[in-house]
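*Asks:* This is the structure I want to talk about, given as structure tokens.
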Amino acid sequence: MATPAAAPQVVRPPWQKFAVDVQPSVIDGHGVFAAEPVPARRKIGEIRGQSISVDEARIRATRSERVMIVELSAKKAIDFSRSTDPMRFTNHSCRPNARLCIRQGRVEFYALRSIAVGEEVTVDYGETHHEGRLACRCGAAGCRGAL
């Protein structure tokens with residue numbers, strides 16, 4: 001009688017603390033969804049990308065409909081458009097379940113409350129380069145209506 005093969009181990013980078021899946025989102029394009037329960041106030045993961053100047057970030061933001069850039073300071077930004085980190089697909093919500101935090105030059109995501117398996121992880125983008133011209137599609141009660 002053959003012994004059944006063990007399930008393959010999912011290897012994730014050390015900065016991705018909880019398993020997430022990238023799937024189509026009703027909010028916009030693709031989103032990131034909890035693949036395991038995430039307790040409140042715990043780090044979910046982070047995104048890594050190309051370090052660029054804020055001037056370059058603003059130029060790139062005008063050349064793309066999908067902007068995946070976070071400004072870290074008045075001079076430095078990170079472009080995630082080529083990143084393979086799943087958290088780069090985190091969508092905006094006016095009533096988010098997570099927050100984006102900039103720590104020591106890293107863009108990290110922390111749960112504001114417990115997040116259930118299958119729930120989309122969302123953050124409030126705050127100020128954006130869209131300057132209120134992009135319609136918000138989060139569908140949350142009290143949605144501001146624009147980004």
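A note on labels: chains of the structure tokens are A, B, ... as shown, every chain counts residues from 1, and ligands are counted from 1 in their shown order.
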Skipping near chain neighbours, those fewer than 5 positions away, what residues fall within 12 Å of Glu56 (chain A) using only C-alpha atoms, listed as a VMD selection string?
*Replies:* chain A and resid 50 to 51 61 to 63 69 to 71 75 to 79
*Asks:* List every residue of chain A that DSSP, applied to the backbone of this structure, places in alpha helix (DSSP H), and write the result as a list in words.
*Replies:*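 Going through chain A, the alpha helix (DSSP H) residues come out as Val54, Asp55, Glu56, Ala57, Arg58, Ile59, Arg60, Ala61 and Thr62 of chain A.
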*Asks:* With 12 Å as the cut-off and only C-alpha atoms counted, what is the closest atom pair between each nearby residue of region 9-83 of chain A and region 117-134 of chain A? Distances in Å to one decimal, ordered by chain and number, as JSON lines.
*Replies:*
{"residue": "A:Phe18", "atom": "CA", "partner": "A:Val117", "partner_atom": "CA", "distance": 10.7}
{"residue": "A:Ala19", "atom": "CA", "partner": "A:Val117", "partner_atom": "CA", "distance": 9.6}
{"residue": "A:Val20", "atom": "CA", "partner": "A:Gly118", "partner_atom": "CA", "distance": 8.8}
{"residue": "A:Asp21", "atom": "CA", "partner": "A:Gly118", "partner_atom": "CA", "distance": 8.6}
{"residue": "A:Val22", "atom": "CA", "partner": "A:Glu120", "partner_atom": "CA", "distance": 9.3}
{"residue": "A:Gln23", "atom": "CA", "partner": "A:Glu120", "partner_atom": "CA", "distance": 9.1}
{"residue": "A:Pro24", "atom": "CA", "partner": "A:Glu120", "partner_atom": "CA", "distance": 10.1}
{"residue": "A:Ser25", "atom": "CA", "partner": "A:Glu120", "partner_atom": "CA", "distance": 7.9}
{"residue": "A:Val26", "atom": "CA", "partner": "A:Glu120", "partner_atom": "CA", "distance": 9.6}
{"residue": "A:Ile27", "atom": "CA", "partner": "A:Glu120", "partner_atom": "CA", "distance": 9.4}
{"residue": "A:Asp28", "atom": "CA", "partner": "A:Thr122", "partner_atom": "CA", "distance": 11.2}
{"residue": "A:His30", "atom": "CA", "partner": "A:Glu120", "partner_atom": "CA", "distance": 10.0}
{"residue": "A:Gly31", "atom": "CA", "partner": "A:Glu120", "partner_atom": "CA", "distance": 6.6}
{"residue": "A:Val32", "atom": "CA", "partner": "A:Glu120", "partner_atom": "CA", "distance": 5.7}
{"residue": "A:Phe33", "atom": "CA", "partner": "A:Glu120", "partner_atom": "CA", "distance": 4.2}
{"residue": "A:Ala34", "atom": "CA", "partner": "A:Val117", "partner_atom": "CA", "distance": 4.9}
{"residue": "A:Ala35", "atom": "CA", "partner": "A:Val117", "partner_atom": "CA", "distance": 5.2}
{"residue": "A:Glu36", "atom": "CA", "partner": "A:Val117", "partner_atom": "CA", "distance": 5.0}
{"residue": "A:Pro37", "atom": "CA", "partner": "A:Val117", "partner_atom": "CA", "distance": 5.2}
{"residue": "A:Val38", "atom": "CA", "partner": "A:Val117", "partner_atom": "CA", "distance": 7.9}
{"residue": "A:Pro39", "atom": "CA", "partner": "A:Val117", "partner_atom": "CA", "distance": 10.9}
{"residue": "A:Ile44", "atom": "CA", "partner": "A:Val121", "partner_atom": "CA", "distance": 9.3}
{"residue": "A:Gly45", "atom": "CA", "partner": "A:Val121", "partner_atom": "CA", "distance": 11.0}
{"residue": "A:Val54", "atom": "CA", "partner": "A:His129", "partner_atom": "CA", "distance": 11.7}
{"residue": "A:Ala57", "atom": "CA", "partner": "A:His129", "partner_atom": "CA", "distance": 10.0}
{"residue": "A:Arg58", "atom": "CA", "partner": "A:His129", "partner_atom": "CA", "distance": 7.9}
{"residue": "A:Ile59", "atom": "CA", "partner": "A:His129", "partner_atom": "CA", "distance": 10.7}
{"residue": "A:Arg60", "atom": "CA", "partner": "A:His129", "partner_atom": "CA", "distance": 10.8}
{"residue": "A:Ala61", "atom": "CA", "partner": "A:His129", "partner_atom": "CA", "distance": 7.3}
{"residue": "A:Thr62", "atom": "CA", "partner": "A:His129", "partner_atom": "CA", "distance": 8.8}
{"residue": "A:Arg63", "atom": "CA", "partner": "A:His129", "partner_atom": "CA", "distance": 11.9}
{"residue": "A:Ser64", "atom": "CA", "partner": "A:His129", "partner_atom": "CA", "distance": 11.4}
{"residue": "A:Glu65", "atom": "CA", "partner": "A:His130", "partner_atom": "CA", "distance": 10.0}
{"residue": "A:Arg66", "atom": "CA", "partner": "A:His130", "partner_atom": "CA", "distance": 10.6}
{"residue": "A:Val67", "atom": "CA", "partner": "A:His129", "partner_atom": "CA", "distance": 8.7}
{"residue": "A:Met68", "atom": "CA", "partner": "A:Thr128", "partner_atom": "CA", "distance": 10.8}
{"residue": "A:Ile69", "atom": "CA", "partner": "A:Thr128", "partner_atom": "CA", "distance": 9.7}
{"residue": "A:Val70", "atom": "CA", "partner": "A:Thr128", "partner_atom": "CA", "distance": 9.2}
{"residue": "A:Glu71", "atom": "CA", "partner": "A:Thr128", "partner_atom": "CA", "distance": 9.8}
*Asks:* Can you pull out every residue from chain A that DSSP, working from the backbone, puts in strand (DSSP E), and format the result as a ChimeraX atom specification?
*Replies:* /A:20-24,30-34,43-47,50-53,69-71,76-79,91-92,98-103,106-111,120-123
*Asks:* Could you pull the residues within 9 Å of Arg113 (chain A), counting only C-alpha atoms, minus those fewer than 6 positions along the same chain, as an mmCIF file with C-alpha atoms, in the first residue's frame?
*Replies:*
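Final output, result.cif:
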data_model
loop_
_atom_site.group_PDB
_atom_site.id
_atom_site.type_symbol
_atom_site.label_atom_id
_atom_site.label_comp_id
_atom_site.auth_asym_id
_atom_site.auth_seq_id
_atom_site.Cartn_x
_atom_site.Cartn_y
_atom_site.Cartn_z
ATOM 1 C CA VAL A 38 -6.303 37.518 9.856
ATOM 2 C CA PRO A 39 -6.557 38.727 13.477
ATOM 3 C CA ALA A 40 -7.101 42.425 14.202
ATOM 4 C CA ARG A 41 -3.998 44.660 14.423
ATOM 5 C CA ARG A 42 -1.686 42.082 12.840
ATOM 6 C CA ASN A 97 -10.625 46.551 7.004
ATOM 7 C CA ALA A 98 -6.875 47.274 6.842
#
*Asks:* My list of candidates is A:Ile47, A:Ser73, A:Phe80, A:Lys17. Which is closest to Leu100 (chain A) when distances are computed with only C-alpha atoms?
*Replies:*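 With only C-alpha atoms as the atom set, the closest residue is A:Ile47.
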